[in-house]
file query38.cif (mmCIF, C-alpha atoms (C1' of nucleotides))
data_work
#
loop_
_atom_site.label_atom_id
_atom_site.label_comp_id
_atom_site.auth_asym_id
_atom_site.auth_seq_id
_atom_site.Cartn_x
_atom_site.Cartn_y
_atom_site.Cartn_z
CA MET M 4 7.72 -5.55 16.25
CA ASN M 5 10.97 -7.05 17.38
CA ASN M 6 10.72 -5.23 20.67
CA VAL M 7 9.27 -7.24 23.54
CA LYS M 8 7.42 -4.29 25.00
CA ASP M 9 5.89 -3.44 21.64
CA ILE M 10 4.59 -6.96 21.26
CA LYS M 11 2.97 -6.71 24.66
CA TYR M 12 1.48 -3.39 23.71
CA ILE M 13 -0.09 -4.52 20.45
CA LYS M 14 -1.41 -7.59 22.23
CA LYS M 15 -3.05 -5.40 24.84
CA PHE M 16 -4.47 -3.20 22.12
CA GLY M 17 -5.99 -6.23 20.43
CA GLU M 18 -7.49 -7.52 23.65
CA ASN M 19 -9.02 -4.14 24.34
CA LEU M 20 -10.48 -3.97 20.84
CA LYS M 21 -11.99 -7.43 21.24
CA GLN M 22 -13.45 -6.51 24.61
CA ILE M 23 -15.08 -3.39 23.24
CA ARG M 24 -16.43 -5.26 20.23
CA LEU M 25 -17.93 -8.00 22.40
CA ASN M 26 -19.42 -5.45 24.77
CA LYS M 27 -21.31 -4.11 21.77
CA ASN M 28 -22.32 -7.61 20.72
CA LEU M 29 -20.75 -7.30 17.33
CA SER M 30 -19.17 -10.14 15.40
CA GLN M 31 -15.83 -9.69 13.70
CA GLU M 32 -17.74 -10.01 10.44
CA VAL M 33 -20.10 -7.15 11.19
CA LEU M 34 -17.29 -4.92 12.44
CA ALA M 35 -15.23 -5.71 9.35
CA PHE M 36 -18.14 -4.84 7.11
CA THR M 37 -18.90 -1.57 8.90
CA ALA M 38 -15.26 -0.51 9.02
CA ASP M 39 -14.81 -1.67 5.43
CA ILE M 40 -11.73 -3.75 6.10
CA PRO M 41 -11.16 -7.51 5.66
CA ILE M 42 -12.36 -9.72 8.48
CA SER M 43 -8.95 -11.39 8.53
CA GLN M 44 -7.50 -8.03 9.47
CA ILE M 45 -9.75 -7.76 12.51
CA GLY M 46 -8.66 -11.18 13.65
CA ARG M 47 -4.99 -10.45 13.27
CA ILE M 48 -5.31 -7.20 15.21
CA GLU M 49 -7.31 -8.80 18.02
CA ARG M 50 -4.79 -11.62 18.30
CA GLY M 51 -1.96 -9.08 18.47
CA GLU M 52 -0.31 -10.44 15.38
CA ILE M 53 0.09 -7.11 13.65
CA ASN M 54 1.13 -3.60 14.53
CA THR M 55 -1.75 -1.78 12.90
CA THR M 56 -1.81 1.79 11.61
CA ILE M 57 -3.57 4.89 12.89
CA SER M 58 -5.90 5.02 9.88
CA THR M 59 -7.09 1.49 10.63
CA VAL M 60 -7.57 2.43 14.27
CA LYS M 61 -9.64 5.38 13.15
CA VAL M 62 -12.01 3.36 10.94
CA LEU M 63 -12.39 0.81 13.71
CA ALA M 64 -13.30 3.52 16.20
CA GLU M 65 -15.84 4.95 13.77
CA ALA M 66 -17.35 1.54 13.14
CA LEU M 67 -17.58 0.92 16.89
CA ASP M 68 -19.03 4.40 17.38
CA ILE M 69 -16.41 5.34 19.94
CA SER M 70 -13.46 7.70 20.05
CA VAL M 71 -9.99 6.62 18.98
CA LYS M 72 -8.83 7.44 22.48
CA GLU M 73 -11.09 4.76 23.89
CA LEU M 74 -9.26 2.12 21.86
CA PHE M 75 -6.11 3.18 23.69
CA ASP M 76 -7.74 3.27 27.08
CA PHE M 77 -6.13 0.25 28.68
CA GLU M 78 -3.43 -0.51 31.21
CA ILE M 79 -0.06 -1.18 29.66
CA LYS M 80 0.55 -3.94 32.17
CA MET Y 6 -3.85 5.92 2.49
CA ASN Y 7 -5.88 6.22 -0.66
CA ASN Y 8 -8.83 7.49 1.31
CA VAL Y 9 -9.23 11.25 1.44
CA LYS Y 10 -10.45 11.25 5.01
CA ASP Y 11 -7.57 9.09 6.11
CA ILE Y 12 -5.08 11.51 4.60
CA LYS Y 13 -6.74 14.32 6.51
CA TYR Y 14 -6.61 12.27 9.65
CA ILE Y 15 -2.92 11.41 9.48
CA LYS Y 16 -2.19 15.06 8.66
CA LYS Y 17 -4.06 16.16 11.75
CA PHE Y 18 -2.24 13.57 13.79
CA GLY Y 19 1.09 14.91 12.56
CA GLU Y 20 0.13 18.49 13.31
CA ASN Y 21 -0.90 17.54 16.80
CA LEU Y 22 2.35 15.69 17.39
CA LYS Y 23 4.34 18.69 16.20
CA GLN Y 24 2.36 21.02 18.43
CA ILE Y 25 2.96 18.87 21.47
CA ARG Y 26 6.65 18.53 20.67
CA LEU Y 27 7.06 22.29 20.25
CA ASN Y 28 5.14 22.98 23.44
CA LYS Y 29 7.77 20.92 25.21
CA ASN Y 30 10.56 22.76 23.40
CA LEU Y 31 11.97 19.63 21.90
CA SER Y 32 13.69 19.40 18.53
CA GLN Y 33 12.86 16.56 16.16
CA GLU Y 34 16.39 15.36 16.80
CA VAL Y 35 15.96 15.12 20.56
CA LEU Y 36 12.58 13.45 20.23
CA ALA Y 37 13.99 10.98 17.72
CA PHE Y 38 16.87 10.14 20.04
CA THR Y 39 14.62 9.71 23.07
CA ALA Y 40 12.09 7.61 21.19
CA ASP Y 41 14.89 5.68 19.50
CA ILE Y 42 13.55 6.11 16.00
CA PRO Y 43 15.12 7.86 12.98
CA ILE Y 44 14.69 11.60 12.79
CA SER Y 45 13.45 11.26 9.23
CA GLN Y 46 10.55 9.25 10.61
CA ILE Y 47 9.52 12.07 12.92
CA GLY Y 48 9.50 14.49 10.00
CA ARG Y 49 7.43 12.26 7.81
CA ILE Y 50 4.88 11.70 10.55
CA GLU Y 51 4.61 15.40 11.38
CA ARG Y 52 4.18 16.26 7.71
CA GLY Y 53 1.43 13.66 7.42
CA GLU Y 54 3.30 11.71 4.79
CA ILE Y 55 2.96 8.35 6.47
CA ASN Y 56 0.29 6.36 8.24
CA THR Y 57 2.29 5.35 11.27
CA THR Y 58 1.76 2.33 13.51
CA ILE Y 59 0.54 2.03 17.08
CA SER Y 60 3.94 0.91 18.34
CA THR Y 61 5.54 4.06 16.94
CA VAL Y 62 2.80 6.14 18.53
CA LYS Y 63 3.52 4.44 21.82
CA VAL Y 64 7.26 5.16 21.81
CA LEU Y 65 6.55 8.76 20.79
CA ALA Y 66 4.14 9.16 23.70
CA GLU Y 67 6.70 7.71 26.09
CA ALA Y 68 9.42 10.00 24.76
CA LEU Y 69 7.11 12.99 25.14
CA ASP Y 70 6.12 11.81 28.59
CA ILE Y 71 2.44 11.88 27.78
CA SER Y 72 -0.28 9.27 27.27
CA VAL Y 73 -0.98 7.77 23.88
CA LYS Y 74 -4.48 9.14 24.19
CA GLU Y 75 -3.13 12.68 24.22
CA LEU Y 76 -1.59 12.13 20.81
CA PHE Y 77 -5.10 11.42 19.54
CA ASP Y 78 -6.67 14.33 21.35
CA PHE Y 79 -7.45 16.59 18.40
CA GLU Y 80 -10.45 17.64 16.36
CA ILE Y 81 -10.94 15.57 13.26
CA LYS Y 82 -11.85 18.63 11.28
"C1'" DT E 26 -25.68 -35.52 16.64
"C1'" DT E 27 -25.93 -32.40 12.90
"C1'" DT E 28 -26.03 -27.86 11.28
"C1'" DT E 29 -24.76 -23.18 11.54
"C1'" DA E 30 -22.11 -19.27 13.07
"C1'" DA E 31 -17.92 -17.36 14.59
"C1'" DT E 32 -13.17 -17.20 14.85
"C1'" DA E 33 -8.48 -18.86 13.98
"C1'" DG E 34 -5.07 -19.32 10.87
"C1'" DC E 35 -2.74 -19.87 6.63
"C1'" DG E 36 -0.84 -18.32 1.88
"C1'" DC E 37 0.21 -14.84 -1.34
"C1'" DA E 38 0.65 -10.30 -3.87
"C1'" DT E 39 0.98 -5.49 -3.28
"C1'" DA E 40 1.46 -1.22 -0.87
"C1'" DT E 41 3.77 1.16 2.39
"C1'" DA E 42 6.20 1.99 7.09
"C1'" DT E 43 10.55 1.68 8.84
"C1'" DG E 44 15.53 2.43 9.22
"C1'" DC E 45 19.52 4.64 7.59
"C1'" DG E 46 21.94 7.96 5.11
"C1'" DT E 47 22.52 12.21 2.42
"C1'" DT E 48 21.43 16.81 0.55
"C1'" DT E 49 19.00 21.15 0.53
"C1'" DA E 50 16.79 25.01 2.71
"C1'" DA E 51 15.66 28.01 6.19
"C1'" DA E 52 16.16 30.09 10.54
"C1'" DA E 53 18.77 31.40 14.56
"C1'" DA E 54 22.84 32.53 16.81
"C1'" DT E 55 27.46 34.22 16.78
"C1'" DA C 23 28.46 37.68 6.85
"C1'" DT C 24 29.42 33.25 8.71
"C1'" DT C 25 28.39 29.47 11.49
"C1'" DT C 26 25.19 26.48 13.65
"C1'" DT C 27 20.81 24.51 14.35
"C1'" DT C 28 16.66 22.74 12.70
"C1'" DA C 29 13.65 20.80 9.55
"C1'" DA C 30 12.41 19.42 4.81
"C1'" DA C 31 12.99 16.23 1.41
"C1'" DC C 32 15.09 13.06 -1.14
"C1'" DG C 33 16.75 7.75 -2.27
"C1'" DC C 34 16.95 2.97 -1.22
"C1'" DA C 35 16.65 -1.68 1.07
"C1'" DT C 36 14.03 -4.35 4.16
"C1'" DA C 37 10.22 -5.54 7.07
"C1'" DT C 38 5.60 -5.77 7.56
"C1'" DA C 39 0.52 -4.17 7.14
"C1'" DT C 40 -2.99 -4.62 4.08
"C1'" DG C 41 -6.32 -6.91 1.05
"C1'" DC C 42 -8.20 -11.02 -0.65
"C1'" DG C 43 -9.26 -15.74 -0.62
"C1'" DC C 44 -9.50 -20.16 1.43
"C1'" DT C 45 -9.57 -23.97 4.96
"C1'" DA C 46 -9.69 -25.60 9.77
"C1'" DT C 47 -11.31 -25.28 14.26
"C1'" DT C 48 -14.40 -24.13 17.82
"C1'" DA C 49 -18.67 -23.07 19.82
"C1'" DA C 50 -23.38 -22.50 19.76
"C1'" DA C 51 -27.91 -23.65 18.09
"C1'" DA C 52 -31.06 -26.68 15.96
#
call {"tool": "encode", "arguments": {"input": "query38.cif", "output": "structure tokens"}}
result
Amino acid sequence: MNNVKDIKYIKKFGENLKQIRLNKNLSQEVLAFTADIPISQIGRIERGEINTTISTVKVLAEALDISVKELFDFEIK
Amino acid sequence: MNNVKDIKYIKKFGENLKQIRLNKNLSQEVLAFTADIPISQIGRIERGEINTTISTVKVLAEALDISVKELFDFEIK
DNA sequence: TTTTAATAGCGCATATATGCGTTTAAAAAT
DNA sequence: ATTTTTAAACGCATATATGCGCTATTAAAA
């Protein structure tokens, strides 16, 4: 988290998550409910504030009905 | 981490990481050095003891010279 | 404009990942 | 058999993700 490149990476991850969520017309609230995690968590991930874990990524992918790989399908810069 | 499925998932992730590392004939030590993370961390991830973060996954992928997606390219069960 | 919905953003406690070092065990090489 | 390499498996301090609740802000709808 202290690494500049890492911060860019988690920001990109969050942007990609948000994009996918919006493409499915889901609110943060609905995604949070489906993934069974707090809505505040979704927000912090999308804003790139936190360096989330693979288990959280997995439940998000399941809730979005996509593969985990798709959540990592973005350009690093 | 308290969820049974999550434990299975992080175990599978670790097994996949180990497989990829061995396929490249790299020791945990060399991978740790290249990724600039402690060797103990590599072991704990491969053994499925910890639910690692996306930034760690990213540096591992870079050190292995593969995409992050490849580290998630395994069957969930 | 007023109401409603959606998101941002904060605070706080707890759980856990990380980072670093050390010891033990097993396997491979000599 | 001994040495060397590799990985497992501890312990511990620190940083941070999570979980929960709440308020503020923004945007959209009425």
call {"tool": "atom_distance", "arguments": {"input": "query38.cif", "atom1": "C1' of DA50 (chain C)", "atom2": "C1' of DT27 (chain E)"}}
result
12.3 Å
call {"tool": "interface_residues", "arguments": {"input": "query38.cif", "of": "chain E", "to": "chain Y", "cutoff": "9 Å", "atoms": "all atoms listed in the file", "output": "PDB file with C-alpha atoms (C1' of nucleotides), keeping the file's coordinate frame"}}
result
ATOM      1  C1'  DT E  41       3.770   1.160   2.390  1.00  0.00           C
ATOM      2  C1'  DA E  42       6.200   1.990   7.090  1.00  0.00           C
ATOM      3  C1'  DT E  43      10.550   1.680   8.840  1.00  0.00           C
ATOM      4  C1'  DG E  44      15.530   2.430   9.220  1.00  0.00           C
ATOM      5  C1'  DC E  45      19.520   4.640   7.590  1.00  0.00           C
TER       6       DC E  45
END
call {"tool": "interface_residues", "arguments": {"input": "query38.cif", "of": "chain M", "to": "chain Y", "cutoff": "10 Å", "atoms": "all atoms listed in the file", "output": "number ranges by chain"}}
result
M: 4, 6, 8-13, 16, 53-62, 70-76
call {"tool": "interface_residues", "arguments": {"input": "query38.cif", "of": "chain C", "to": "chain M", "cutoff": "9 Å", "atoms": "all atoms listed in the file", "output": "ChimeraX atom specification"}}
result
/C:38-42
call {"tool": "residues_around", "arguments": {"input": "query38.cif", "residues": "DA51 (chain E)", "least_positions_apart": "4", "cutoff": "12 Å", "atoms": "all atoms listed in the file", "output": "count of residues only"}}
result
4
call {"tool": "residues_around", "arguments": {"input": "query38.cif", "residues": "DG34 (chain E)", "least_positions_apart": "5", "cutoff": "10 Å", "atoms": "all atoms listed in the file", "output": "PyMOL selection string"}}
result
(chain M and resi 43+46-47) or (chain C and resi 45-47)
call {"tool": "residues_around", "arguments": {"input": "query38.cif", "residues": "DC32 (chain C)", "least_positions_apart": "4", "cutoff": "10 Å", "atoms": "all atoms listed in the file", "output": "mmCIF file with C-alpha atoms (C1' of nucleotides), keeping the file's coordinate frame"}}
result
data_model
loop_
_atom_site.group_PDB
_atom_site.id
_atom_site.type_symbol
_atom_site.label_atom_id
_atom_site.label_comp_id
_atom_site.auth_asym_id
_atom_site.auth_seq_id
_atom_site.Cartn_x
_atom_site.Cartn_y
_atom_site.Cartn_z
ATOM 1 C "C1'" DT E 47 22.520 12.210 2.420
ATOM 2 C "C1'" DT E 48 21.430 16.810 0.550
ATOM 3 C "C1'" DT E 49 19.000 21.150 0.530
#
call {"tool": "residues_near_point", "arguments": {"input": "query38.cif", "point": "(-19.3, -21.5, 21.3)", "cutoff": "12 Å", "atoms": "all atoms listed in the file", "output": "VMD selection string"}}
result
(chain E and resid 29 to 32) or (chain C and resid 47 to 51)
call {"tool": "atom_distance", "arguments": {"input": "query38.cif", "atom1": "CA of Ile25 (chain Y)", "atom2": "CA of Leu69 (chain Y)"}}
result
8.1 Å
call {"tool": "atom_distance", "arguments": {"input": "query38.cif", "atom1": "CA of Ala64 (chain M)", "atom2": "C1' of DC44 (chain C)"}}
result
28.2 Å
call {"tool": "resolve_selection", "arguments": {"input": "query38.cif", "expression": "the PyMOL selection byres ((chain Y and resi 19) around 6)", "output": "list in words"}}
result
Lys16, Lys17, Phe18, Glu20, Asn21, Leu22, Ile50, Glu51, Arg52 and Gly53 of chain Y
call {"tool": "residues_around", "arguments": {"input": "query38.cif", "residues": "Val35 (chain Y)", "least_positions_apart": "4", "cutoff": "10 Å", "atoms": "all atoms listed in the file", "output": "PyMOL selection string"}}
result
chain Y and resi 26+30-31+39-41+44+68
call {"tool": "build_atoms", "arguments": {"input": "query38.cif", "residues": "region 9-20 of chain M", "atoms": "all heavy atoms", "output": "short mmCIF file (atom, residue, chain, number, x, y, z; two decimals), in the coordinates of the input"}}
result
data_model
loop_
_atom_site.label_atom_id
_atom_site.label_comp_id
_atom_site.auth_asym_id
_atom_site.auth_seq_id
_atom_site.Cartn_x
_atom_site.Cartn_y
_atom_site.Cartn_z
N ASP M 9 6.83 -3.75 22.71
CA ASP M 9 5.89 -3.44 21.64
C ASP M 9 4.92 -4.58 21.42
O ASP M 9 3.74 -4.37 21.18
CB ASP M 9 6.65 -3.14 20.34
CG ASP M 9 7.24 -1.75 20.34
OD1 ASP M 9 6.92 -0.99 21.28
OD2 ASP M 9 8.01 -1.44 19.44
N ILE M 10 5.45 -5.80 21.47
CA ILE M 10 4.59 -6.96 21.26
C ILE M 10 3.53 -7.02 22.35
O ILE M 10 2.36 -7.26 22.08
CB ILE M 10 5.43 -8.26 21.23
CG1 ILE M 10 6.27 -8.28 19.94
CG2 ILE M 10 4.55 -9.48 21.32
CD1 ILE M 10 7.24 -9.42 19.86
N LYS M 11 3.95 -6.74 23.57
CA LYS M 11 2.97 -6.71 24.66
C LYS M 11 1.93 -5.64 24.42
O LYS M 11 0.74 -5.82 24.68
CB LYS M 11 3.68 -6.43 26.00
CG LYS M 11 4.17 -7.67 26.71
CD LYS M 11 4.65 -7.35 28.11
CE LYS M 11 5.27 -8.57 28.79
NZ LYS M 11 5.93 -8.22 30.05
N TYR M 12 2.39 -4.52 23.93
CA TYR M 12 1.48 -3.39 23.71
C TYR M 12 0.44 -3.70 22.64
O TYR M 12 -0.75 -3.46 22.83
CB TYR M 12 2.27 -2.14 23.33
CG TYR M 12 1.43 -0.89 23.31
CD1 TYR M 12 1.04 -0.27 24.49
CD2 TYR M 12 0.97 -0.36 22.11
CE1 TYR M 12 0.25 0.85 24.50
CE2 TYR M 12 0.17 0.77 22.10
CZ TYR M 12 -0.18 1.37 23.29
OH TYR M 12 -0.98 2.49 23.29
N ILE M 13 0.89 -4.23 21.51
CA ILE M 13 -0.09 -4.52 20.45
C ILE M 13 -1.02 -5.66 20.85
O ILE M 13 -2.16 -5.71 20.41
CB ILE M 13 0.60 -4.80 19.09
CG1 ILE M 13 1.43 -6.06 19.12
CG2 ILE M 13 1.46 -3.61 18.66
CD1 ILE M 13 2.00 -6.42 17.76
N LYS M 14 -0.54 -6.53 21.73
CA LYS M 14 -1.41 -7.59 22.23
C LYS M 14 -2.51 -6.99 23.11
O LYS M 14 -3.68 -7.33 23.00
CB LYS M 14 -0.61 -8.63 23.03
CG LYS M 14 0.03 -9.69 22.16
CD LYS M 14 0.16 -11.01 22.92
CE LYS M 14 0.63 -12.15 22.02
NZ LYS M 14 -0.34 -12.54 20.99
N LYS M 15 -2.09 -6.06 23.97
CA LYS M 15 -3.05 -5.40 24.84
C LYS M 15 -4.06 -4.61 24.01
O LYS M 15 -5.25 -4.58 24.31
CB LYS M 15 -2.32 -4.45 25.80
CG LYS M 15 -1.80 -5.13 27.04
CD LYS M 15 -2.93 -5.43 28.02
CE LYS M 15 -2.42 -6.20 29.23
NZ LYS M 15 -3.54 -6.67 30.07
N PHE M 16 -3.57 -3.96 22.99
CA PHE M 16 -4.47 -3.20 22.12
C PHE M 16 -5.52 -4.13 21.51
O PHE M 16 -6.71 -3.82 21.49
CB PHE M 16 -3.66 -2.50 21.01
CG PHE M 16 -4.51 -1.72 20.05
CD1 PHE M 16 -4.87 -0.41 20.34
CD2 PHE M 16 -4.99 -2.29 18.88
CE1 PHE M 16 -5.68 0.32 19.47
CE2 PHE M 16 -5.80 -1.58 18.02
CZ PHE M 16 -6.14 -0.27 18.31
N GLY M 17 -5.07 -5.26 21.02
CA GLY M 17 -5.99 -6.23 20.43
C GLY M 17 -7.01 -6.75 21.42
O GLY M 17 -8.20 -6.87 21.09
N GLU M 18 -6.56 -7.04 22.62
CA GLU M 18 -7.49 -7.52 23.65
C GLU M 18 -8.53 -6.47 23.98
O GLU M 18 -9.71 -6.78 24.16
CB GLU M 18 -6.71 -7.88 24.92
CG GLU M 18 -5.89 -9.16 24.79
CD GLU M 18 -4.90 -9.35 25.95
OE1 GLU M 18 -5.08 -8.68 26.99
OE2 GLU M 18 -3.96 -10.15 25.80
N ASN M 19 -8.08 -5.23 24.04
CA ASN M 19 -9.02 -4.14 24.34
C ASN M 19 -10.04 -3.98 23.22
O ASN M 19 -11.24 -3.81 23.46
CB ASN M 19 -8.24 -2.84 24.55
CG ASN M 19 -9.11 -1.72 25.06
OD1 ASN M 19 -9.93 -1.92 25.96
ND2 ASN M 19 -8.96 -0.54 24.47
N LEU M 20 -9.57 -4.05 21.99
CA LEU M 20 -10.48 -3.97 20.84
C LEU M 20 -11.53 -5.07 20.91
O LEU M 20 -12.73 -4.82 20.76
CB LEU M 20 -9.68 -4.09 19.54
CG LEU M 20 -10.50 -4.30 18.27
CD1 LEU M 20 -11.42 -3.11 18.00
CD2 LEU M 20 -9.58 -4.55 17.07
#
